[in-house]
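File shown here: data_34.cif, holding mmCIF, C-alpha atoms and all ligand atoms.
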data_final
#
loop_
_atom_site.label_atom_id
_atom_site.label_comp_id
_atom_site.auth_asym_id
_atom_site.auth_seq_id
_atom_site.Cartn_x
_atom_site.Cartn_y
_atom_site.Cartn_z
CA MET A 266 -21.68 -39.79 6.81
CA VAL A 267 -19.67 -38.38 9.69
CA ASP A 268 -20.03 -40.38 12.88
CA TRP A 269 -20.50 -37.46 15.31
CA LYS A 270 -19.55 -39.65 18.26
CA ASN A 271 -16.24 -40.51 16.63
CA PRO A 272 -15.18 -37.43 14.67
CA PRO A 273 -12.28 -37.65 12.21
CA ARG A 274 -8.85 -36.40 13.26
CA LEU A 275 -7.90 -33.59 10.93
CA PHE A 276 -4.39 -33.13 9.58
CA ILE A 277 -5.61 -30.89 6.77
CA PRO A 278 -4.17 -27.36 6.83
CA GLY A 279 -7.23 -25.98 8.53
CA PRO A 280 -9.54 -26.42 10.17
CA VAL A 281 -7.22 -28.54 12.27
CA HIS A 282 -7.93 -31.09 14.96
CA VAL A 283 -9.66 -29.65 18.03
CA LEU A 284 -9.28 -31.38 21.39
CA PRO A 285 -12.41 -32.30 23.40
CA ASP A 286 -11.52 -29.97 26.30
CA VAL A 287 -11.36 -27.06 23.84
CA LEU A 288 -14.71 -28.04 22.33
CA GLN A 289 -16.23 -27.98 25.79
CA GLN A 290 -15.34 -24.31 26.11
CA LEU A 291 -17.69 -23.62 23.22
CA SER A 292 -20.64 -24.98 25.18
CA ARG A 293 -20.33 -22.86 28.31
CA TYR A 294 -23.26 -20.66 29.30
CA THR A 295 -23.74 -17.47 27.33
CA LEU A 296 -22.83 -14.05 28.67
CA GLY A 297 -24.23 -10.68 27.68
CA HIS A 298 -21.57 -9.00 25.58
CA ARG A 299 -22.02 -5.61 27.23
CA GLY A 300 -21.74 -7.00 30.76
CA LYS A 301 -18.90 -7.05 33.26
CA GLU A 302 -18.20 -10.78 32.97
CA TYR A 303 -17.71 -10.53 29.22
CA ALA A 304 -15.44 -7.49 29.61
CA GLN A 305 -13.27 -9.51 32.00
CA LEU A 306 -13.10 -12.43 29.58
CA HIS A 307 -12.26 -10.07 26.70
CA LYS A 308 -9.57 -8.16 28.60
CA GLU A 309 -7.89 -11.28 29.92
CA THR A 310 -7.84 -12.82 26.44
CA VAL A 311 -6.49 -9.70 24.73
CA ASP A 312 -3.82 -9.25 27.42
CA MET A 313 -2.60 -12.81 26.85
CA LEU A 314 -2.65 -12.30 23.08
CA LYS A 315 -0.49 -9.19 23.47
CA LYS A 316 2.10 -11.32 25.25
CA ILE A 317 1.85 -14.07 22.65
CA LEU A 318 2.27 -11.59 19.77
CA PHE A 319 4.89 -9.49 21.58
CA THR A 320 2.95 -6.28 21.21
CA GLU A 321 1.90 -3.35 23.31
CA GLN A 322 -0.27 -2.01 20.51
CA ASN A 323 -3.87 -2.89 19.57
CA VAL A 324 -5.22 -6.45 19.51
CA PHE A 325 -8.79 -6.92 18.32
CA LEU A 326 -11.16 -9.90 17.93
CA SER A 327 -13.30 -10.21 14.83
CA THR A 328 -16.22 -12.59 14.53
CA SER A 329 -15.37 -13.52 10.97
CA SER A 330 -12.91 -15.68 9.16
CA ALA A 331 -9.54 -14.14 8.29
CA SER A 332 -10.66 -13.01 4.85
CA GLY A 333 -12.59 -10.25 6.60
CA ILE A 334 -9.33 -8.68 7.72
CA TRP A 335 -7.83 -9.04 4.24
CA GLU A 336 -10.53 -6.56 3.39
CA GLY A 337 -10.38 -4.65 6.68
CA ALA A 338 -6.67 -3.85 6.39
CA ILE A 339 -7.17 -2.41 2.92
CA ARG A 340 -10.39 -0.51 3.54
CA ASN A 341 -9.06 1.05 6.74
CA CYS A 342 -5.48 1.87 5.86
CA VAL A 343 -5.28 2.64 2.14
CA ASP A 344 -6.49 5.88 0.56
CA SER A 345 -8.01 5.80 -2.90
CA ASN A 346 -5.09 7.76 -4.39
CA GLU A 347 -2.51 5.28 -3.03
CA THR A 348 -1.16 2.05 -4.50
CA VAL A 349 -0.61 -1.25 -2.72
CA LEU A 350 2.14 -3.67 -3.67
CA ALA A 351 0.64 -7.15 -3.28
CA THR A 352 3.26 -9.88 -3.04
CA CYS A 353 1.96 -13.08 -4.63
CA CYS A 354 3.46 -16.56 -4.20
CA GLY A 355 0.47 -18.91 -4.08
CA ALA A 356 -3.30 -19.19 -3.94
CA PHE A 357 -3.91 -17.13 -0.80
CA SER A 358 -1.51 -14.30 -1.53
CA ASP A 359 -2.94 -14.13 -5.09
CA LYS A 360 -6.44 -13.93 -3.64
CA TRP A 361 -5.49 -11.05 -1.35
CA ALA A 362 -4.31 -9.05 -4.39
CA ASP A 363 -7.78 -9.59 -5.91
CA VAL A 364 -9.38 -8.43 -2.66
CA VAL A 365 -7.40 -5.16 -2.76
CA LYS A 366 -8.80 -4.55 -6.23
CA SER A 367 -12.33 -5.48 -5.21
CA CYS A 368 -12.09 -2.88 -2.41
CA GLY A 369 -11.61 -0.32 -5.18
CA LYS A 370 -7.95 0.40 -4.36
CA ASN A 371 -4.98 0.52 -6.72
CA VAL A 372 -2.86 -2.60 -6.64
CA GLU A 373 0.18 -3.97 -8.40
CA ALA A 374 1.26 -7.55 -7.97
CA LEU A 375 4.80 -8.75 -7.38
CA LYS A 376 4.53 -12.34 -8.51
CA VAL A 377 6.88 -15.28 -8.07
CA GLU A 378 6.31 -18.88 -9.17
CA TRP A 379 4.28 -20.98 -6.74
CA GLY A 380 6.80 -22.65 -4.45
CA GLN A 381 9.26 -19.73 -4.60
CA ALA A 382 9.67 -17.26 -1.77
CA THR A 383 9.12 -13.52 -1.98
CA THR A 384 12.51 -12.24 -0.86
CA ALA A 385 13.60 -8.95 0.67
CA GLU A 386 15.64 -8.24 -2.49
CA LEU A 387 12.63 -8.63 -4.78
CA ILE A 388 10.51 -6.37 -2.60
CA ASP A 389 13.31 -3.82 -2.27
CA LYS A 390 13.69 -3.62 -6.04
CA LYS A 391 9.98 -3.03 -6.53
CA LEU A 392 9.55 -0.55 -3.67
CA SER A 393 12.50 1.48 -4.95
CA GLU A 394 10.13 2.66 -7.72
CA GLY A 395 8.73 4.84 -4.93
CA LYS A 396 5.04 4.58 -5.77
CA TYR A 397 3.69 2.27 -3.08
CA SER A 398 2.16 3.24 0.24
CA ALA A 399 1.59 -0.30 1.58
CA ILE A 400 2.49 -3.91 0.92
CA THR A 401 0.65 -7.16 1.54
CA LEU A 402 2.63 -10.19 2.63
CA VAL A 403 1.55 -13.74 3.40
CA TYR A 404 3.78 -15.09 6.17
CA ASN A 405 3.02 -18.73 5.49
CA GLU A 406 1.48 -19.58 2.09
CA THR A 407 -0.80 -22.49 2.95
CA SER A 408 -1.25 -23.61 -0.66
CA THR A 409 2.45 -24.23 -1.29
CA GLY A 410 3.61 -24.85 2.30
CA LEU A 411 6.08 -21.99 2.06
CA THR A 412 7.21 -19.56 4.71
CA ASN A 413 8.34 -16.22 3.38
CA PRO A 414 11.45 -14.68 5.01
CA VAL A 415 9.35 -12.09 6.80
CA TYR A 416 11.98 -11.18 9.42
CA GLU A 417 14.50 -10.29 6.69
CA ILE A 418 11.83 -8.44 4.72
CA SER A 419 10.82 -6.47 7.80
CA GLU A 420 14.39 -5.48 8.64
CA MET A 421 14.85 -4.22 5.09
CA MET A 422 11.51 -2.36 5.21
CA LYS A 423 12.31 -0.68 8.51
CA LYS A 424 15.65 0.55 7.20
CA LYS A 425 14.71 1.56 3.68
CA TYR A 426 10.94 2.12 3.53
CA PRO A 427 9.79 3.07 7.04
CA ASP A 428 6.74 4.93 5.70
CA VAL A 429 5.31 2.00 3.73
CA LEU A 430 2.63 0.19 5.73
CA VAL A 431 3.04 -3.58 6.12
CA PHE A 432 -0.03 -5.83 6.21
CA VAL A 433 0.67 -9.47 7.02
CA ASP A 434 -1.57 -12.50 6.65
CA ALA A 435 -0.35 -14.87 9.37
CA VAL A 436 -3.31 -17.23 9.03
CA SER A 437 -1.30 -20.46 9.07
CA ALA A 438 1.64 -18.93 10.96
CA MET A 439 0.38 -17.23 14.13
CA VAL A 440 1.41 -19.13 17.28
CA GLY A 441 3.04 -21.86 15.16
CA LEU A 442 5.86 -19.60 13.94
CA PRO A 443 7.74 -16.74 15.63
CA LEU A 444 5.89 -13.44 15.49
CA HIS A 445 7.15 -10.33 17.32
CA PHE A 446 4.66 -7.75 16.08
CA ASP A 447 6.22 -4.57 17.51
CA GLN A 448 9.81 -5.53 16.69
CA LEU A 449 8.84 -6.42 13.11
CA GLY A 450 7.26 -3.01 12.65
CA TRP A 451 4.13 -4.44 11.04
CA ASP A 452 0.91 -2.48 10.78
CA VAL A 453 -1.73 -5.18 10.56
CA VAL A 454 -1.41 -8.91 11.21
CA PHE A 455 -4.19 -11.46 11.50
CA ALA A 456 -5.06 -15.14 11.77
CA SER A 457 -8.27 -17.07 11.99
CA VAL A 458 -8.44 -19.46 14.93
CA GLN A 459 -8.98 -22.70 12.99
CA LYS A 460 -5.25 -23.05 12.30
CA ALA A 461 -2.53 -23.13 14.98
CA PHE A 462 -4.86 -21.87 17.74
CA ALA A 463 -6.71 -25.19 17.19
CA ILE A 464 -10.22 -23.85 17.72
CA PRO A 465 -13.19 -24.40 15.35
CA PRO A 466 -13.54 -21.72 12.65
CA GLY A 467 -15.45 -18.48 13.23
CA LEU A 468 -13.11 -15.98 14.86
CA THR A 469 -10.06 -13.95 13.83
CA VAL A 470 -7.38 -12.38 15.99
CA PHE A 471 -5.78 -9.25 14.59
CA ALA A 472 -3.25 -6.65 15.69
CA VAL A 473 -3.09 -3.08 14.40
CA SER A 474 -0.22 -0.64 14.90
CA LYS A 475 -0.81 2.78 16.41
CA ARG A 476 0.16 4.50 13.19
CA ALA A 477 -2.22 2.37 11.09
CA LEU A 478 -5.04 3.12 13.49
CA GLU A 479 -4.21 6.82 13.34
CA LYS A 480 -4.13 6.74 9.55
CA SER A 481 -7.48 4.96 9.36
CA LYS A 482 -9.20 7.95 11.00
CA LYS A 483 -8.81 9.87 7.74
CA VAL A 484 -9.49 7.08 5.27
CA ALA A 485 -12.92 7.31 3.65
CA GLY A 486 -15.16 4.31 2.98
CA ARG A 487 -13.94 2.10 5.83
CA GLY A 488 -17.32 0.39 5.87
CA TYR A 489 -18.99 -0.75 9.08
CA TYR A 490 -18.25 -4.35 10.10
CA PHE A 491 -14.45 -4.09 9.91
CA ASP A 492 -14.06 -0.42 10.83
CA PHE A 493 -10.87 -0.30 12.92
CA GLN A 494 -12.02 2.92 14.58
CA GLU A 495 -15.07 1.11 15.93
CA PHE A 496 -12.90 -1.77 17.17
CA ALA A 497 -10.61 0.72 18.95
CA LYS A 498 -13.51 2.61 20.54
CA CYS A 499 -15.06 -0.60 21.86
CA ALA A 500 -11.71 -2.01 22.98
CA GLU A 501 -11.50 0.83 25.51
CA LYS A 502 -14.46 -0.86 27.24
CA ASP A 503 -13.08 -4.38 26.61
CA GLN A 504 -15.79 -5.02 24.06
CA THR A 505 -16.24 -5.61 20.35
CA PRO A 506 -18.32 -3.36 18.05
CA THR A 507 -20.97 -6.02 17.32
CA THR A 508 -22.12 -9.13 19.17
CA PRO A 509 -19.08 -11.40 19.09
CA SER A 510 -19.00 -15.17 18.99
CA ILE A 511 -18.60 -15.44 22.75
CA PRO A 512 -18.17 -19.25 22.70
CA HIS A 513 -15.15 -18.80 20.42
CA ILE A 514 -13.69 -16.20 22.74
CA MET A 515 -14.12 -18.60 25.66
CA ALA A 516 -12.21 -21.23 23.69
CA LEU A 517 -9.56 -18.67 22.70
CA ASN A 518 -9.15 -17.61 26.32
CA TYR A 519 -8.66 -21.27 27.26
CA GLN A 520 -6.13 -21.82 24.47
CA CYS A 521 -4.22 -18.64 25.35
CA HIS A 522 -3.83 -19.86 28.93
CA LYS A 523 -2.38 -23.10 27.56
CA LEU A 524 -0.03 -21.25 25.18
CA VAL A 525 1.20 -18.94 27.93
CA ASN A 526 1.72 -21.89 30.28
CA GLU A 527 3.59 -23.91 27.67
CA GLY A 528 5.60 -20.79 26.78
CA ILE A 529 5.22 -19.46 23.24
CA GLU A 530 8.86 -20.21 22.36
CA ASN A 531 8.24 -23.84 23.38
CA VAL A 532 5.12 -23.90 21.20
CA TRP A 533 7.20 -22.74 18.21
CA LYS A 534 9.80 -25.39 19.10
CA ARG A 535 7.14 -28.12 19.17
CA HIS A 536 6.03 -27.04 15.68
CA LYS A 537 9.63 -27.05 14.48
CA GLU A 538 10.15 -30.61 15.73
CA MET A 539 6.99 -31.90 14.09
CA ALA A 540 7.97 -30.15 10.85
CA ALA A 541 11.48 -31.63 10.93
CA TYR A 542 10.02 -35.13 11.20
CA VAL A 543 7.56 -34.67 8.35
CA LYS A 544 10.11 -32.98 6.08
CA ASN A 545 12.55 -35.79 6.63
CA TRP A 546 9.87 -38.40 6.03
CA ALA A 547 8.80 -36.60 2.84
CA LYS A 548 12.34 -36.27 1.48
CA GLN A 549 13.01 -39.98 1.93
CA ARG A 550 9.88 -41.02 0.05
CA PHE A 551 8.82 -38.10 -2.15
CA ALA A 552 10.22 -34.55 -2.32
CA LEU A 553 9.42 -31.22 -0.74
CA PHE A 554 7.46 -28.89 -2.99
CA CYS A 555 9.48 -25.82 -1.87
CA GLU A 556 13.13 -25.27 -1.34
CA GLU A 557 13.82 -26.71 2.13
CA LYS A 558 15.01 -23.39 3.53
CA TYR A 559 11.52 -21.96 2.97
CA ALA A 560 9.49 -25.10 3.76
CA SER A 561 6.90 -24.29 6.40
CA GLU A 562 6.97 -25.49 9.99
CA THR A 563 3.18 -25.59 10.30
CA LEU A 564 2.41 -27.73 7.25
CA THR A 565 4.38 -29.63 4.64
CA THR A 566 3.47 -29.61 0.96
CA ILE A 567 4.87 -32.76 -0.60
CA LYS A 568 5.57 -33.27 -4.28
CA ASN A 569 3.84 -36.41 -5.49
CA THR A 570 6.95 -37.82 -7.18
CA LYS A 571 5.58 -41.36 -7.07
CA GLY A 572 2.41 -40.53 -8.95
CA ILE A 573 0.19 -41.95 -6.21
CA VAL A 574 -3.55 -41.40 -6.53
CA VAL A 575 -3.72 -38.89 -3.69
CA GLY A 576 -7.50 -39.01 -3.31
CA ASP A 577 -7.43 -42.80 -2.92
CA VAL A 578 -4.73 -42.69 -0.24
CA ILE A 579 -6.63 -39.99 1.65
CA LYS A 580 -9.80 -42.13 1.47
CA ALA A 581 -7.98 -45.28 2.64
CA VAL A 582 -6.35 -43.54 5.64
CA GLN A 583 -9.68 -42.00 6.51
CA ALA A 584 -11.51 -45.32 6.28
CA LYS A 585 -8.96 -47.26 8.34
CA HIS A 586 -7.85 -44.65 10.88
CA ASN A 587 -10.53 -41.99 10.82
CA THR A 588 -7.84 -39.44 10.02
CA ALA A 589 -7.69 -36.95 7.16
CA PHE A 590 -4.72 -35.25 5.54
CA GLY A 591 -4.89 -32.74 2.70
CA ASN A 592 -4.72 -32.96 -1.06
CA GLY A 593 -2.81 -30.24 -2.91
CA TYR A 594 -4.53 -26.87 -3.21
CA GLY A 595 -6.02 -25.57 -6.47
CA LYS A 596 -3.71 -26.23 -9.39
CA LEU A 597 -1.45 -28.29 -7.07
CA LYS A 598 -4.20 -30.87 -6.43
CA ASP A 599 -2.95 -34.45 -6.97
CA VAL A 600 0.54 -33.27 -7.96
CA THR A 601 1.14 -32.46 -4.30
CA PHE A 602 -0.44 -33.35 -0.97
CA ARG A 603 -0.29 -31.61 2.40
CA ILE A 604 0.16 -32.71 5.97
CA ALA A 605 -0.62 -30.07 8.59
CA HIS A 606 1.40 -30.17 11.80
CA MET A 607 0.01 -27.28 13.76
CA GLY A 608 -2.10 -26.73 16.83
CA ASP A 609 -2.57 -29.11 19.72
CA ILE A 610 -1.06 -32.19 18.11
CA THR A 611 2.15 -33.94 19.10
CA LEU A 612 5.10 -35.51 17.33
CA GLN A 613 3.55 -38.91 18.08
CA ASP A 614 0.35 -37.94 16.21
CA VAL A 615 2.39 -36.83 13.22
CA LYS A 616 4.41 -40.05 13.20
CA GLU A 617 1.18 -42.05 13.11
CA VAL A 618 -0.16 -40.20 10.09
CA CYS A 619 3.12 -40.67 8.19
CA GLN A 620 3.11 -44.39 9.05
CA TRP A 621 -0.46 -44.76 7.80
CA ILE A 622 0.43 -43.09 4.52
CA ASP A 623 3.42 -45.45 4.26
CA ASP A 624 1.12 -48.43 4.79
CA GLU A 625 -0.94 -47.35 1.77
CA VAL A 626 1.88 -46.30 -0.53
CA LYS A 627 4.38 -49.11 0.22
C1 LIG B 701 -2.73 -18.12 4.18
C2 LIG B 701 -4.22 -18.01 4.25
N1 LIG B 701 -4.78 -16.81 4.13
C3 LIG B 701 -6.13 -16.65 4.17
C4 LIG B 701 -6.96 -17.72 4.32
C5 LIG B 701 -8.42 -17.50 4.39
O1 LIG B 701 -8.77 -17.62 5.75
P1 LIG B 701 -10.27 -17.77 6.20
O2 LIG B 701 -10.77 -19.01 5.55
O3 LIG B 701 -10.19 -17.85 7.70
O4 LIG B 701 -10.99 -16.56 5.71
C6 LIG B 701 -6.42 -19.01 4.44
C7 LIG B 701 -7.27 -20.18 4.57
O5 LIG B 701 -6.85 -21.31 4.58
C8 LIG B 701 -5.01 -19.15 4.41
O6 LIG B 701 -4.44 -20.34 4.53
#

Could the structure of this file be written out as C-alpha cells, please?
Amino acid sequence: MVDWKNPPRLFIPGPVHVLPDVLQQLSRYTLGHRGKEYAQLHKETVDMLKKILFTEQNVFLSTSSASGIWEGAIRNCVDSNETVLATCCGAFSDKWADVVKSCGKNVEALKVEWGQATTAELIDKKLSEGKYSAITLVYNETSTGLTNPVYEISEMMKKKYPDVLVFVDAVSAMVGLPLHFDQLGWDVVFASVQKAFAIPPGLTVFAVSKRALEKSKKVAGRGYYFDFQEFAKCAEKDQTPTTPSIPHIMALNYQCHKLVNEGIENVWKRHKEMAAYVKNWAKQRFALFCEEKYASETLTTIKNTKGIVVGDVIKAVQAKHNTAFGNGYGKLKDVTFRIAHMGDITLQDVKEVCQWIDDEVK
C-alpha cells in the first residue's frame, strides 16, 4: 500500500518525481475555461512555452497523454494517398508506426536494432526513394535510453527534403534536451508533462508549424478531439477546443515560470550534469545499453552485466528509501534497468539513488 503522507520518490522514466509546491498548483480553485482569467493563464503559459521551445509558430495544450498527438499529427497532416516513413529504434518509435497504420494511413518502417540510433544517413538513403511525404522521429527513445541525432537529421532534411513533413515525439526530451523548433524546421513536436516538466500525467504540450496547420485544412478525416484546426481557432481566443485540465495548466504555468527563471539552457545543462554522473557510475559497475555518444541525458538505460535480479533491487531500494527506479522496458526487462534524471531533481538526488543501488548490489 502506498503511504499517501509519504509518497515514493520516482526515478522511473515517467511519471517522474513531482515537488510539493507543484502539486499545490493542482489544487487551486477552478476557473471557467471560457472566462477572462483562464484566457490570461492560457496566454501566459503558451507565451512562455514559445520561448522555451524557441518558436514563433503555434503552441497548443491537449488534455490527453502524448499518444493522442501521435495520432493527431498523422490524422491532421497526412493524406490517404501519401506514405509516412516511420523511423523505429525502440518500443515507443515502433508503437508510433503502428499508430500511423491504425489511423488508416500508409506507412513504411525504417528499423534499426534497439539501442542503435537512426542516423541522418539512414534516413537520407530511404527518403531518396522519393515516395514519402512525412517522417516520424522519436527524439529520445525512452525504452532504450537513446537520443537520436535529431539536429543532424533536421539539417539534412532541410537541405535535401524540404517538402517532407517532420513529426517529432519529444516526450522524454522536451525541456531536458535542446529543442529549437523553428530552427529545426519541424512540423509537429509534442511531450506529455509527466516527464521533464515534472507535473503529474494528464496534459500534453505540442507545437505545430504554419505549413502543417495550413496543410491540415485540406486533410479529410481529422476527427474531432485532436483536430488542429479547432485548436488553432480556439487559440485565437487563448482557449482550448474542449474543457481542458485547468489544474494541469496551472501547474504548467508555474513550471514554465521556473524554467524561464532558471534559463532553459541552464536546465539542459543541469540534465547534462546529472546524466554525466549516472553514465559514469553505470560504466564503472555495469555498461551503458547504447553507444555512449547516443546515450540520453534524461535517463540512462543500463545493461545488467552483473546479472542482478533487477526486481529485487528495485524492491529493496523502495523498502529502505521509499524511492523507485525503473526496470528495463518490454523485451529489455531484467536485462537492463533505467534511472531517470529529468525534471526537478538535482545531482545530489541522483547520487543518492546510485549509492542506494550500490548498497544492494555490492
Ligand atoms: C518516447 C515516448 N513516446 C510516447 C510515450 C507515450 O506517452 P504517453 O504515455 O504520455 O501517451 C512515452 C511514454 O513513456 C514515451 O516515453

What does the list of residues within 8 Å of ligand LIG 701 (chain B) look like if you count all atoms listed in the file, written as an mmCIF file with C-alpha atoms, keeping the file's coordinate frame?
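Result written to selection-v8.cif:
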data_model
loop_
_atom_site.group_PDB
_atom_site.id
_atom_site.type_symbol
_atom_site.label_atom_id
_atom_site.label_comp_id
_atom_site.auth_asym_id
_atom_site.auth_seq_id
_atom_site.Cartn_x
_atom_site.Cartn_y
_atom_site.Cartn_z
ATOM 1 C CA PRO A 278 -4.170 -27.360 6.830
ATOM 2 C CA GLY A 279 -7.230 -25.980 8.530
ATOM 3 C CA SER A 329 -15.370 -13.520 10.970
ATOM 4 C CA SER A 330 -12.910 -15.680 9.160
ATOM 5 C CA ALA A 331 -9.540 -14.140 8.290
ATOM 6 C CA SER A 332 -10.660 -13.010 4.850
ATOM 7 C CA GLY A 333 -12.590 -10.250 6.600
ATOM 8 C CA TRP A 335 -7.830 -9.040 4.240
ATOM 9 C CA PHE A 357 -3.910 -17.130 -0.800
ATOM 10 C CA SER A 358 -1.510 -14.300 -1.530
ATOM 11 C CA TRP A 361 -5.490 -11.050 -1.350
ATOM 12 C CA VAL A 403 1.550 -13.740 3.400
ATOM 13 C CA TYR A 404 3.780 -15.090 6.170
ATOM 14 C CA ASN A 405 3.020 -18.730 5.490
ATOM 15 C CA GLU A 406 1.480 -19.580 2.090
ATOM 16 C CA THR A 407 -0.800 -22.490 2.950
ATOM 17 C CA SER A 408 -1.250 -23.610 -0.660
ATOM 18 C CA ASP A 434 -1.570 -12.500 6.650
ATOM 19 C CA ALA A 435 -0.350 -14.870 9.370
ATOM 20 C CA VAL A 436 -3.310 -17.230 9.030
ATOM 21 C CA SER A 437 -1.300 -20.460 9.070
ATOM 22 C CA ALA A 456 -5.060 -15.140 11.770
ATOM 23 C CA SER A 457 -8.270 -17.070 11.990
ATOM 24 C CA VAL A 458 -8.440 -19.460 14.930
ATOM 25 C CA GLN A 459 -8.980 -22.700 12.990
ATOM 26 C CA PRO A 466 -13.540 -21.720 12.650
ATOM 27 C CA GLY A 467 -15.450 -18.480 13.230
ATOM 28 C CA LEU A 468 -13.110 -15.980 14.860
ATOM 29 C CA THR A 469 -10.060 -13.950 13.830
#

With distances taken over all atoms listed in the file, the candidate from A:Leu350, A:Ile317, A:Leu326, A:Phe276 nearest Ile511 in chain A is A:Leu326

Applying 10 Å and all atoms listed in the file, which residues near Tyr416 in chain A remain after dropping the ones on its own chain fewer than 4 positions away? List them as an MDAnalysis selection string. chainID A and resid 385 404 420:422 443:445 448:450

Give me, as a PyMOL selection string, all polymer residues having an atom no more than 6 Å from range 530-533 of chain A, counting only C-alpha atoms and skipping those fewer than 2 positions away in the same chain. chain A and resi 441-442+528+535-536

Nearest to Val578 in chain A among A:Leu306, A:Cys619, A:Asp447, A:Asn545, with distances taken over all atoms listed in the file: which residue is it? A:Cys619

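Proximity ranking of A:Gly608, A:Ser481, A:Val473, A:Asn587 relative to Trp269 in chain A places A:Asn587 first, based on all atoms listed in the file.
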
Contacts of Val349 in chain A at 8 Å (all atoms listed in the file; same-chain gap of 4+ positions) as a ChimeraX atom specification: /A:343,365,370-373,397-401

Rounded to one decimal in Å, what is the spacing between CA of Glu625 in chain A and CA of Ile604 in chain A? 15.3 Å
